[in-house]
Amino acid sequence: MLLSGWRRALLAMLAGAVATLALAPFNIPAVGFLSFPVLVWLIDGASGEPGRSALRRAFPAFRIGWCFGFGYFVGGLWWLGSALLVDGPEFAWALPLAVVGLPAVLAIYHGLGCLLARLAWSGGPWRLLALAAGLSAAEVARGTLFTGFPWNEIGVMAVPVPLLMQVLALVGLHAMTLLAIFVFSLPALVVGRRRGRGTVVVLGLVLVAAQVGYGAWRLAAPPLPPVDGVALRIVQPNVLQGQKWDPAEAERIFSRLLELTDAAAPADAPAAPRRLVIWPESAFPFILTDRPDAVGALAQTLRPGDTLLAGATRVEEAEGELPRFYNAIYAIGEDGVVEDAADKIHLVPFGEYLPYQALLESWGFSQVAKLPGGFSAGARRRVIDVDGSPGFLPVICYEAIFQDELVPLPDGERPGFILNVTNDAWYGRTPGPYQHQRQAMLTAVALGLPLVRAANTGISVVTDAQGRPQAGLALGEGGTVDAALPGAGDETPFARFGNVPFAVLWGVAALASLAAARRRSRDTA
């Protein structure tokens, strides 16, 4: 509380950076009980000059929150710079923007969240609710504004294993964020003896017990039986990103995909009349519709009863216009013919398209995806049906982290599973692929659906509706995953009501913290 200047800023940054050890692949949620009490104490000492407006007096809390967020996002997102080095020096100039610039921008949200909290700061135990309300509101804004980027929302820190994930099926990730900030901050109450401390501590312990108890109860239920008559084969070719779009490597990559698709199944692999073969995002190293020979090779490789679900670049051409490219999933029948397609809707800014393209291109900027005009976004999300199999919800790459965009489910139709195809080869052996896989699992648990995930270099996995891995391949491995298709669970409260529980909890936290702040103001008047 008494630190000032650069020492306060440095401590806040270190607290934020330490918090990232709770994320995959480290999975040490206990660090939250160190980082957030430090943040509370720093905000305790972040008061402006008396006599100024409430907003001006709260502004020092913005600086503390920004420093905390900067440490959190640098520590959690430094690996994004790997993508800029794949093509050599072409994008190396942008490395500081990815590693330092993006965290600096994202930290503004945490700064605003702490400023909002300080406006309702009571100085007593209930100030923890003010911090939870302020920061969780900031996280919602981060996941929504300017196309949104909810990667590593704070609630992810508190759900590293299936036992702790199950609460997401009730309330979703935003509510988990609010509750996690409150609980992680409880050790701050060891300093000072103020009225209500015991009540706040008991409330926190009840929340922890409820999370663990609900998880244990849900996992104790008998596992759902797998879908009868459907088997899965996930193909993980492990193609390095530097080779993926090299024309000299195209035939070798395609042959590798066909070879893995046709490989003999292990003795314990499930046998079924319908087999879904899953290839990762952008699996084809060329435009499939331009290659009749590739369609013929698929028809020769796929077996009777097979359907190939593969990531591909889809092209639409119109006379007198530039072709439009879509990041898509193809459903391809055993004859090699494309039967259906789903386009990616939530594109990656600067990766798949360039915001304000004409202006930024005039300044020399370009998106990482080397396509004229970049990718175009799909029109709408829908469940894709496959004969002889439950329908699936197509989710391409980082679309899996946008829980809010998947509820309510499209057309009210409940799919049998979530299909997530991705290419994390951009990020090598960094925490990025682990974080991505974890957040895809959390979305599946929140919706009560199995996750079938195919990643180019890993991590490919099949999980049941409770997030328990059934089969998979680790990062950097090549091969296949043969598994049964887990059954879908019942519709979860989150799938039905979305963020209504969060809105209720946020309102309670905000009102309680405001009441405590008003009572303190009255007592000190």
# chains A, B, ... in the order shown; residues from 1 in each chain; ligands from 1
call {"tool": "closest_atom_pairs", "arguments": {"of": "segment 406-443 of chain A", "to": "segment 489-496 of chain A", "cutoff": "10 Å", "atoms": "only C-alpha atoms", "output": "tab-separated table"}}
result
residue	atom	partner	partner_atom	distance
A:Leu406	CA	A:Ala495	CA	8.4
A:Val407	CA	A:Ala495	CA	5.8
A:Pro408	CA	A:Ala495	CA	6.3
A:Leu409	CA	A:Ala495	CA	7.5
A:Gly412	CA	A:Arg496	CA	9.9
A:Arg414	CA	A:Glu491	CA	8.0
A:Gly416	CA	A:Gly489	CA	8.7
A:Phe417	CA	A:Gly489	CA	9.6
call {"tool": "write_last_selection", "arguments": {"atoms": "N, CA, C and O atoms", "output": "compact mmCIF listing (two decimals), in the first residue's frame"}}
result
# COMPACT_ATOMS: atom_id res chain seq x y z
N LEU A 406 -22.01 -18.83 -29.08
CA LEU A 406 -22.53 -20.17 -29.35
C LEU A 406 -23.84 -20.44 -28.62
O LEU A 406 -24.40 -21.53 -28.74
N VAL A 407 -24.31 -19.48 -27.83
CA VAL A 407 -25.60 -19.61 -27.16
C VAL A 407 -26.46 -18.38 -27.50
O VAL A 407 -25.95 -17.26 -27.51
N PRO A 408 -27.75 -18.57 -27.77
CA PRO A 408 -28.37 -19.88 -27.94
C PRO A 408 -27.86 -20.58 -29.18
O PRO A 408 -27.35 -19.95 -30.11
N LEU A 409 -27.98 -21.90 -29.21
CA LEU A 409 -27.48 -22.67 -30.34
C LEU A 409 -28.27 -22.30 -31.59
O LEU A 409 -29.46 -21.96 -31.52
N GLY A 412 -31.99 -23.26 -32.69
CA GLY A 412 -32.52 -24.05 -31.60
C GLY A 412 -32.22 -25.53 -31.71
O GLY A 412 -32.75 -26.33 -30.93
N ARG A 414 -30.02 -28.75 -31.20
CA ARG A 414 -28.92 -29.18 -30.35
C ARG A 414 -28.07 -30.21 -31.09
O ARG A 414 -28.56 -31.28 -31.47
N GLY A 416 -24.88 -33.00 -31.75
CA GLY A 416 -24.37 -34.13 -30.98
C GLY A 416 -22.98 -33.90 -30.44
O GLY A 416 -22.58 -34.53 -29.45
N PHE A 417 -22.23 -32.98 -31.06
CA PHE A 417 -20.88 -32.69 -30.58
C PHE A 417 -20.39 -31.39 -31.20
O PHE A 417 -20.98 -30.88 -32.16
call {"tool": "select_by_dssp", "arguments": {"residues": "segment 279-514 of chain A", "states": "strand (DSSP E or B)", "output": "PyMOL selection string"}}
result
chain A and resi 279+306-316+324-332+338-343+349+353+375+384-386+389-396+417-422+451-455+460-463+469-473+479-484
call {"tool": "atom_distance", "arguments": {"atom1": "atom CA of Ala263 of chain A", "atom2": "atom CA of Asp424 of chain A"}}
result
23.9 Å
call {"tool": "residues_around", "arguments": {"residues": "segment 512-516 of chain A", "least_positions_apart": "5", "cutoff": "12 Å", "atoms": "only C-alpha atoms", "output": "PDB file with N, CA, C and O atoms, in the first residue's frame"}}
result
ATOM      1  N   LEU A 116     -13.267   1.229 -12.092  1.00  0.00           N
ATOM      2  CA  LEU A 116     -14.676   1.030 -11.743  1.00  0.00           C
ATOM      3  C   LEU A 116     -14.801   0.480 -10.324  1.00  0.00           C
ATOM      4  O   LEU A 116     -15.670   0.912  -9.546  1.00  0.00           O
ATOM      5  N   ALA A 117     -13.913  -0.464  -9.976  1.00  0.00           N
ATOM      6  CA  ALA A 117     -13.945  -1.021  -8.624  1.00  0.00           C
ATOM      7  C   ALA A 117     -13.659   0.044  -7.579  1.00  0.00           C
ATOM      8  O   ALA A 117     -14.294   0.095  -6.516  1.00  0.00           O
ATOM      9  N   ARG A 118     -12.703   0.904  -7.851  1.00  0.00           N
ATOM     10  CA  ARG A 118     -12.313   1.921  -6.875  1.00  0.00           C
ATOM     11  C   ARG A 118     -13.451   2.895  -6.597  1.00  0.00           C
ATOM     12  O   ARG A 118     -13.573   3.433  -5.487  1.00  0.00           O
ATOM     13  N   LEU A 119     -14.310   3.120  -7.582  1.00  0.00           N
ATOM     14  CA  LEU A 119     -15.451   4.013  -7.373  1.00  0.00           C
ATOM     15  C   LEU A 119     -16.411   3.473  -6.325  1.00  0.00           C
ATOM     16  O   LEU A 119     -17.176   4.243  -5.725  1.00  0.00           O
ATOM     17  N   ALA A 120     -16.399   2.139  -6.123  1.00  0.00           N
ATOM     18  CA  ALA A 120     -17.263   1.525  -5.110  1.00  0.00           C
ATOM     19  C   ALA A 120     -16.438   0.899  -3.995  1.00  0.00           C
ATOM     20  O   ALA A 120     -16.885  -0.039  -3.341  1.00  0.00           O
ATOM     21  N   TRP A 121     -15.227   1.417  -3.781  1.00  0.00           N
ATOM     22  CA  TRP A 121     -14.280   0.821  -2.823  1.00  0.00           C
ATOM     23  C   TRP A 121     -14.662   1.231  -1.398  1.00  0.00           C
ATOM     24  O   TRP A 121     -14.741   2.418  -1.081  1.00  0.00           O
ATOM     25  N   SER A 122     -14.871   0.242  -0.546  1.00  0.00           N
ATOM     26  CA  SER A 122     -15.278   0.541   0.830  1.00  0.00           C
ATOM     27  C   SER A 122     -14.120   0.540   1.799  1.00  0.00           C
ATOM     28  O   SER A 122     -14.236   1.078   2.907  1.00  0.00           O
ATOM     29  N   GLY A 123     -13.016  -0.085   1.436  1.00  0.00           N
ATOM     30  CA  GLY A 123     -11.912  -0.235   2.372  1.00  0.00           C
ATOM     31  C   GLY A 123     -12.094  -1.408   3.295  1.00  0.00           C
ATOM     32  O   GLY A 123     -11.141  -1.828   3.970  1.00  0.00           O
ATOM     33  N   GLY A 124     -13.275  -2.001   3.356  1.00  0.00           N
ATOM     34  CA  GLY A 124     -13.558  -3.151   4.198  1.00  0.00           C
ATOM     35  C   GLY A 124     -13.578  -4.437   3.402  1.00  0.00           C
ATOM     36  O   GLY A 124     -13.222  -4.473   2.216  1.00  0.00           O
ATOM     37  N   PRO A 125     -14.015  -5.538   4.023  1.00  0.00           N
ATOM     38  CA  PRO A 125     -13.992  -6.836   3.337  1.00  0.00           C
ATOM     39  C   PRO A 125     -14.818  -6.873   2.050  1.00  0.00           C
ATOM     40  O   PRO A 125     -14.479  -7.593   1.111  1.00  0.00           O
ATOM     41  N   TRP A 126     -15.886  -6.076   2.017  1.00  0.00           N
ATOM     42  CA  TRP A 126     -16.760  -6.129   0.847  1.00  0.00           C
ATOM     43  C   TRP A 126     -16.145  -5.458  -0.383  1.00  0.00           C
ATOM     44  O   TRP A 126     -16.719  -5.520  -1.474  1.00  0.00           O
ATOM     45  N   ARG A 127     -14.985  -4.839  -0.213  1.00  0.00           N
ATOM     46  CA  ARG A 127     -14.324  -4.263  -1.390  1.00  0.00           C
ATOM     47  C   ARG A 127     -13.887  -5.353  -2.366  1.00  0.00           C
ATOM     48  O   ARG A 127     -13.653  -5.080  -3.554  1.00  0.00           O
ATOM     49  N   LEU A 128     -13.797  -6.597  -1.895  1.00  0.00           N
ATOM     50  CA  LEU A 128     -13.453  -7.695  -2.808  1.00  0.00           C
ATOM     51  C   LEU A 128     -14.546  -7.887  -3.859  1.00  0.00           C
ATOM     52  O   LEU A 128     -14.265  -8.256  -4.997  1.00  0.00           O
ATOM     53  N   LEU A 129     -15.787  -7.644  -3.469  1.00  0.00           N
ATOM     54  CA  LEU A 129     -16.877  -7.723  -4.444  1.00  0.00           C
ATOM     55  C   LEU A 129     -16.789  -6.593  -5.459  1.00  0.00           C
ATOM     56  O   LEU A 129     -17.145  -6.767  -6.628  1.00  0.00           O
ATOM     57  N   ALA A 130     -16.322  -5.437  -5.013  1.00  0.00           N
ATOM     58  CA  ALA A 130     -16.148  -4.328  -5.954  1.00  0.00           C
ATOM     59  C   ALA A 130     -15.111  -4.694  -7.008  1.00  0.00           C
ATOM     60  O   ALA A 130     -15.293  -4.421  -8.208  1.00  0.00           O
ATOM     61  N   LEU A 131     -13.997  -5.304  -6.574  1.00  0.00           N
ATOM     62  CA  LEU A 131     -12.976  -5.713  -7.533  1.00  0.00           C
ATOM     63  C   LEU A 131     -13.515  -6.780  -8.474  1.00  0.00           C
ATOM     64  O   LEU A 131     -13.274  -6.734  -9.689  1.00  0.00           O
ATOM     65  N   ALA A 132     -14.261  -7.743  -7.929  1.00  0.00           N
ATOM     66  CA  ALA A 132     -14.824  -8.804  -8.771  1.00  0.00           C
ATOM     67  C   ALA A 132     -15.795  -8.232  -9.803  1.00  0.00           C
ATOM     68  O   ALA A 132     -15.781  -8.624 -10.979  1.00  0.00           O
ATOM     69  N   ALA A 133     -16.638  -7.299  -9.378  1.00  0.00           N
ATOM     70  CA  ALA A 133     -17.598  -6.708 -10.310  1.00  0.00           C
ATOM     71  C   ALA A 133     -16.892  -5.873 -11.368  1.00  0.00           C
ATOM     72  O   ALA A 133     -17.214  -5.947 -12.571  1.00  0.00           O
ATOM     73  N   GLY A 134     -15.922  -5.052 -10.948  1.00  0.00           N
ATOM     74  CA  GLY A 134     -15.233  -4.191 -11.906  1.00  0.00           C
ATOM     75  C   GLY A 134     -14.436  -4.972 -12.930  1.00  0.00           C
ATOM     76  O   GLY A 134     -14.545  -4.739 -14.142  1.00  0.00           O
ATOM     77  N   PHE A 182     -13.203 -12.864  -6.717  1.00  0.00           N
ATOM     78  CA  PHE A 182     -13.601 -12.709  -5.319  1.00  0.00           C
ATOM     79  C   PHE A 182     -12.865 -13.705  -4.421  1.00  0.00           C
ATOM     80  O   PHE A 182     -12.285 -13.335  -3.388  1.00  0.00           O
ATOM     81  N   ARG A 194     -11.876  -5.695  10.121  1.00  0.00           N
ATOM     82  CA  ARG A 194     -13.035  -4.843   9.853  1.00  0.00           C
ATOM     83  C   ARG A 194     -14.316  -5.663   9.934  1.00  0.00           C
ATOM     84  O   ARG A 194     -14.319  -6.871   9.723  1.00  0.00           O
ATOM     85  N   ARG A 195     -15.375  -4.980  10.195  1.00  0.00           N
ATOM     86  CA  ARG A 195     -16.674  -5.629  10.320  1.00  0.00           C
ATOM     87  C   ARG A 195     -17.053  -6.343   9.031  1.00  0.00           C
ATOM     88  O   ARG A 195     -16.929  -5.787   7.948  1.00  0.00           O
ATOM     89  N   GLY A 196     -17.495  -7.576   9.174  1.00  0.00           N
ATOM     90  CA  GLY A 196     -17.937  -8.353   8.028  1.00  0.00           C
ATOM     91  C   GLY A 196     -16.885  -9.281   7.467  1.00  0.00           C
ATOM     92  O   GLY A 196     -17.167 -10.034   6.529  1.00  0.00           O
ATOM     93  N   VAL A 200     -17.523 -12.558   4.855  1.00  0.00           N
ATOM     94  CA  VAL A 200     -16.941 -12.624   3.505  1.00  0.00           C
ATOM     95  C   VAL A 200     -16.104 -13.894   3.349  1.00  0.00           C
ATOM     96  O   VAL A 200     -16.184 -14.576   2.314  1.00  0.00           O
ATOM     97  N   LEU A 505     -25.529 -12.334 -10.712  1.00  0.00           N
ATOM     98  CA  LEU A 505     -24.427 -12.297  -9.763  1.00  0.00           C
ATOM     99  C   LEU A 505     -23.707 -10.953  -9.801  1.00  0.00           C
ATOM    100  O   LEU A 505     -23.320 -10.412  -8.753  1.00  0.00           O
ATOM    101  N   TRP A 506     -23.529 -10.416 -11.003  1.00  0.00           N
ATOM    102  CA  TRP A 506     -22.850  -9.123 -11.120  1.00  0.00           C
ATOM    103  C   TRP A 506     -23.669  -8.029 -10.435  1.00  0.00           C
ATOM    104  O   TRP A 506     -23.109  -7.179  -9.726  1.00  0.00           O
ATOM    105  N   GLY A 507     -24.976  -8.063 -10.641  1.00  0.00           N
ATOM    106  CA  GLY A 507     -25.818  -7.058  -9.999  1.00  0.00           C
ATOM    107  C   GLY A 507     -25.745  -7.134  -8.485  1.00  0.00           C
ATOM    108  O   GLY A 507     -25.664  -6.108  -7.797  1.00  0.00           O
ATOM    109  N   SER A 521     -18.760   5.623   3.948  1.00  0.00           N
ATOM    110  CA  SER A 521     -18.753   7.082   3.777  1.00  0.00           C
ATOM    111  C   SER A 521     -19.591   7.756   4.857  1.00  0.00           C
ATOM    112  O   SER A 521     -19.205   8.796   5.405  1.00  0.00           O
ATOM    113  N   ARG A 522     -20.721   7.122   5.181  1.00  0.00           N
ATOM    114  CA  ARG A 522     -21.583   7.694   6.219  1.00  0.00           C
ATOM    115  C   ARG A 522     -20.925   7.609   7.596  1.00  0.00           C
ATOM    116  O   ARG A 522     -21.003   8.542   8.398  1.00  0.00           O
ATOM    117  N   ASP A 523     -20.237   6.484   7.860  1.00  0.00           N
ATOM    118  CA  ASP A 523     -19.609   6.297   9.165  1.00  0.00           C
ATOM    119  C   ASP A 523     -18.433   7.239   9.388  1.00  0.00           C
ATOM    120  O   ASP A 523     -18.095   7.576  10.524  1.00  0.00           O
TER     121      ASP A 523
END
call {"tool": "residues_around", "arguments": {"residues": "Leu475 of chain A", "least_positions_apart": "5", "cutoff": "6 Å", "atoms": "only C-alpha atoms", "output": "short mmCIF file (atom, residue, chain, number, x, y, z; two decimals) with N, CA, C and O atoms, in the first residue's frame"}}
result
data_model
loop_
_atom_site.label_atom_id
_atom_site.label_comp_id
_atom_site.auth_asym_id
_atom_site.auth_seq_id
_atom_site.Cartn_x
_atom_site.Cartn_y
_atom_site.Cartn_z
N THR A 457 -0.70 -29.73 -35.66
CA THR A 457 0.47 -30.21 -34.92
C THR A 457 0.12 -30.60 -33.48
O THR A 457 1.00 -30.85 -32.68
N GLY A 458 -1.16 -30.61 -33.16
CA GLY A 458 -1.62 -30.89 -31.81
C GLY A 458 -2.08 -29.60 -31.15
O GLY A 458 -1.72 -28.51 -31.60
N ILE A 459 -2.93 -29.74 -30.18
CA ILE A 459 -3.29 -30.92 -29.44
C ILE A 459 -4.66 -31.40 -29.96
O ILE A 459 -5.65 -30.67 -29.83
#
call {"tool": "closest_residue", "arguments": {"among": "A:Pro160, A:Glu139, A:Ser460, A:Ile332", "to": "Thr177 of chain A", "atoms": "only C-alpha atoms"}}
result
A:Glu139
call {"tool": "closest_residue", "arguments": {"among": "A:Asn499, A:Val481, A:Val348, A:Leu393", "to": "Arg381 of chain A", "atoms": "only C-alpha atoms"}}
result
A:Leu393
call {"tool": "residues_around", "arguments": {"residues": "segment 219-223 of chain A", "least_positions_apart": "5", "cutoff": "10 Å", "atoms": "only C-alpha atoms", "output": "list in words"}}
result
Pro162, Leu163, Gln166, Gly213, Tyr214, Asp464, Ala465, Gln466, Gly467, Arg468, Pro486, Gly487 and Gly489 of chain A
call {"tool": "write_last_selection", "arguments": {"atoms": "C-alpha atoms", "output": "PDB file, in the first residue's frame"}}
result
ATOM      1  CA  PRO A 162     -12.712 -31.446 -15.079  1.00  0.00           C
ATOM      2  CA  LEU A 163     -13.654 -31.495 -11.371  1.00  0.00           C
ATOM      3  CA  GLN A 166     -18.384 -28.449 -14.201  1.00  0.00           C
ATOM      4  CA  GLY A 213     -19.067 -30.445  -4.664  1.00  0.00           C
ATOM      5  CA  TYR A 214     -21.004 -29.784  -7.853  1.00  0.00           C
ATOM      6  CA  ASP A 464     -16.864 -36.375 -23.260  1.00  0.00           C
ATOM      7  CA  ALA A 465     -19.601 -33.905 -22.333  1.00  0.00           C
ATOM      8  CA  GLN A 466     -17.965 -33.366 -18.924  1.00  0.00           C
ATOM      9  CA  GLY A 467     -14.556 -32.512 -20.384  1.00  0.00           C
ATOM     10  CA  ARG A 468     -12.858 -35.827 -19.588  1.00  0.00           C
ATOM     11  CA  PRO A 486     -19.117 -39.782 -26.861  1.00  0.00           C
ATOM     12  CA  GLY A 487     -22.803 -39.153 -26.243  1.00  0.00           C
ATOM     13  CA  GLY A 489     -25.348 -34.554 -22.313  1.00  0.00           C
TER      14      GLY A 489
END
call {"tool": "closest_residue", "arguments": {"among": "A:Asn420, A:Gln243, A:Gln439, A:Ser82", "to": "Ile329 of chain A", "atoms": "only C-alpha atoms"}}
result
A:Asn420
call {"tool": "residues_around", "arguments": {"residues": "segment 276-287 of chain A", "least_positions_apart": "2", "cutoff": "8 Å", "atoms": "only C-alpha atoms", "output": "NGL selection string"}}
result
:A and (230-236 or 244-245 or 247 or 250 or 253-254 or 257 or 261 or 274 or 289-291 or 306-315 or 327-329 or 396-397 or 421-423 or 454-456)
call {"tool": "decode", "arguments": {"residues": "segment 477-494 of chain A", "atoms": "N, CA, C and O atoms", "output": "PDB file, in the first residue's frame"}}
result
ATOM      1  N   GLU A 477       3.229 -34.338 -32.107  1.00  0.00           N
ATOM      2  CA  GLU A 477       3.184 -35.714 -32.574  1.00  0.00           C
ATOM      3  C   GLU A 477       2.411 -35.797 -33.882  1.00  0.00           C
ATOM      4  O   GLU A 477       1.535 -34.984 -34.157  1.00  0.00           O
ATOM      5  N   GLY A 478       2.716 -36.800 -34.677  1.00  0.00           N
ATOM      6  CA  GLY A 478       1.957 -37.088 -35.878  1.00  0.00           C
ATOM      7  C   GLY A 478       1.310 -38.444 -35.745  1.00  0.00           C
ATOM      8  O   GLY A 478       1.864 -39.352 -35.120  1.00  0.00           O
ATOM      9  N   GLY A 479       0.131 -38.610 -36.334  1.00  0.00           N
ATOM     10  CA  GLY A 479      -0.539 -39.903 -36.257  1.00  0.00           C
ATOM     11  C   GLY A 479      -2.035 -39.742 -36.306  1.00  0.00           C
ATOM     12  O   GLY A 479      -2.560 -38.744 -36.816  1.00  0.00           O
ATOM     13  N   THR A 480      -2.738 -40.724 -35.774  1.00  0.00           N
ATOM     14  CA  THR A 480      -4.196 -40.728 -35.801  1.00  0.00           C
ATOM     15  C   THR A 480      -4.742 -41.018 -34.405  1.00  0.00           C
ATOM     16  O   THR A 480      -4.074 -41.621 -33.572  1.00  0.00           O
ATOM     17  N   VAL A 481      -5.947 -40.573 -34.191  1.00  0.00           N
ATOM     18  CA  VAL A 481      -6.699 -40.874 -32.978  1.00  0.00           C
ATOM     19  C   VAL A 481      -7.951 -41.620 -33.408  1.00  0.00           C
ATOM     20  O   VAL A 481      -8.768 -41.084 -34.163  1.00  0.00           O
ATOM     21  N   ASP A 482      -8.102 -42.860 -32.964  1.00  0.00           N
ATOM     22  CA  ASP A 482      -9.302 -43.655 -33.255  1.00  0.00           C
ATOM     23  C   ASP A 482     -10.106 -43.773 -31.968  1.00  0.00           C
ATOM     24  O   ASP A 482      -9.592 -44.231 -30.938  1.00  0.00           O
ATOM     25  N   ALA A 483     -11.357 -43.343 -32.006  1.00  0.00           N
ATOM     26  CA  ALA A 483     -12.170 -43.323 -30.795  1.00  0.00           C
ATOM     27  C   ALA A 483     -13.638 -43.427 -31.166  1.00  0.00           C
ATOM     28  O   ALA A 483     -14.041 -43.163 -32.305  1.00  0.00           O
ATOM     29  N   ALA A 484     -14.430 -43.820 -30.175  1.00  0.00           N
ATOM     30  CA  ALA A 484     -15.877 -43.745 -30.317  1.00  0.00           C
ATOM     31  C   ALA A 484     -16.318 -42.303 -30.132  1.00  0.00           C
ATOM     32  O   ALA A 484     -15.596 -41.474 -29.553  1.00  0.00           O
ATOM     33  N   LEU A 485     -17.490 -41.979 -30.617  1.00  0.00           N
ATOM     34  CA  LEU A 485     -18.052 -40.643 -30.435  1.00  0.00           C
ATOM     35  C   LEU A 485     -18.831 -40.616 -29.125  1.00  0.00           C
ATOM     36  O   LEU A 485     -19.836 -41.322 -28.979  1.00  0.00           O
ATOM     37  N   PRO A 486     -18.382 -39.839 -28.135  1.00  0.00           N
ATOM     38  CA  PRO A 486     -19.117 -39.782 -26.861  1.00  0.00           C
ATOM     39  C   PRO A 486     -20.526 -39.234 -27.051  1.00  0.00           C
ATOM     40  O   PRO A 486     -20.792 -38.437 -27.955  1.00  0.00           O
ATOM     41  N   GLY A 487     -21.435 -39.647 -26.181  1.00  0.00           N
ATOM     42  CA  GLY A 487     -22.803 -39.153 -26.243  1.00  0.00           C
ATOM     43  C   GLY A 487     -22.918 -37.749 -25.699  1.00  0.00           C
ATOM     44  O   GLY A 487     -22.141 -37.320 -24.836  1.00  0.00           O
ATOM     45  N   ALA A 488     -23.887 -37.009 -26.199  1.00  0.00           N
ATOM     46  CA  ALA A 488     -24.122 -35.639 -25.741  1.00  0.00           C
ATOM     47  C   ALA A 488     -24.905 -35.648 -24.437  1.00  0.00           C
ATOM     48  O   ALA A 488     -25.781 -36.495 -24.225  1.00  0.00           O
ATOM     49  N   GLY A 489     -24.589 -34.705 -23.550  1.00  0.00           N
ATOM     50  CA  GLY A 489     -25.348 -34.554 -22.313  1.00  0.00           C
ATOM     51  C   GLY A 489     -26.620 -33.769 -22.534  1.00  0.00           C
ATOM     52  O   GLY A 489     -26.905 -33.272 -23.631  1.00  0.00           O
ATOM     53  N   ASP A 490     -27.408 -33.665 -21.475  1.00  0.00           N
ATOM     54  CA  ASP A 490     -28.619 -32.850 -21.545  1.00  0.00           C
ATOM     55  C   ASP A 490     -28.245 -31.378 -21.705  1.00  0.00           C
ATOM     56  O   ASP A 490     -27.130 -30.963 -21.378  1.00  0.00           O
ATOM     57  N   GLU A 491     -29.191 -30.612 -22.177  1.00  0.00           N
ATOM     58  CA  GLU A 491     -28.958 -29.179 -22.314  1.00  0.00           C
ATOM     59  C   GLU A 491     -28.613 -28.583 -20.951  1.00  0.00           C
ATOM     60  O   GLU A 491     -29.323 -28.796 -19.964  1.00  0.00           O
ATOM     61  N   THR A 492     -27.509 -27.849 -20.883  1.00  0.00           N
ATOM     62  CA  THR A 492     -27.075 -27.276 -19.614  1.00  0.00           C
ATOM     63  C   THR A 492     -27.806 -25.969 -19.339  1.00  0.00           C
ATOM     64  O   THR A 492     -28.324 -25.317 -20.260  1.00  0.00           O
ATOM     65  N   PRO A 493     -27.860 -25.549 -18.067  1.00  0.00           N
ATOM     66  CA  PRO A 493     -28.443 -24.234 -17.779  1.00  0.00           C
ATOM     67  C   PRO A 493     -27.771 -23.111 -18.558  1.00  0.00           C
ATOM     68  O   PRO A 493     -28.449 -22.177 -19.013  1.00  0.00           O
ATOM     69  N   PHE A 494     -26.434 -23.186 -18.728  1.00  0.00           N
ATOM     70  CA  PHE A 494     -25.779 -22.119 -19.494  1.00  0.00           C
ATOM     71  C   PHE A 494     -26.222 -22.138 -20.951  1.00  0.00           C
ATOM     72  O   PHE A 494     -26.450 -21.085 -21.560  1.00  0.00           O
TER      73      PHE A 494
END
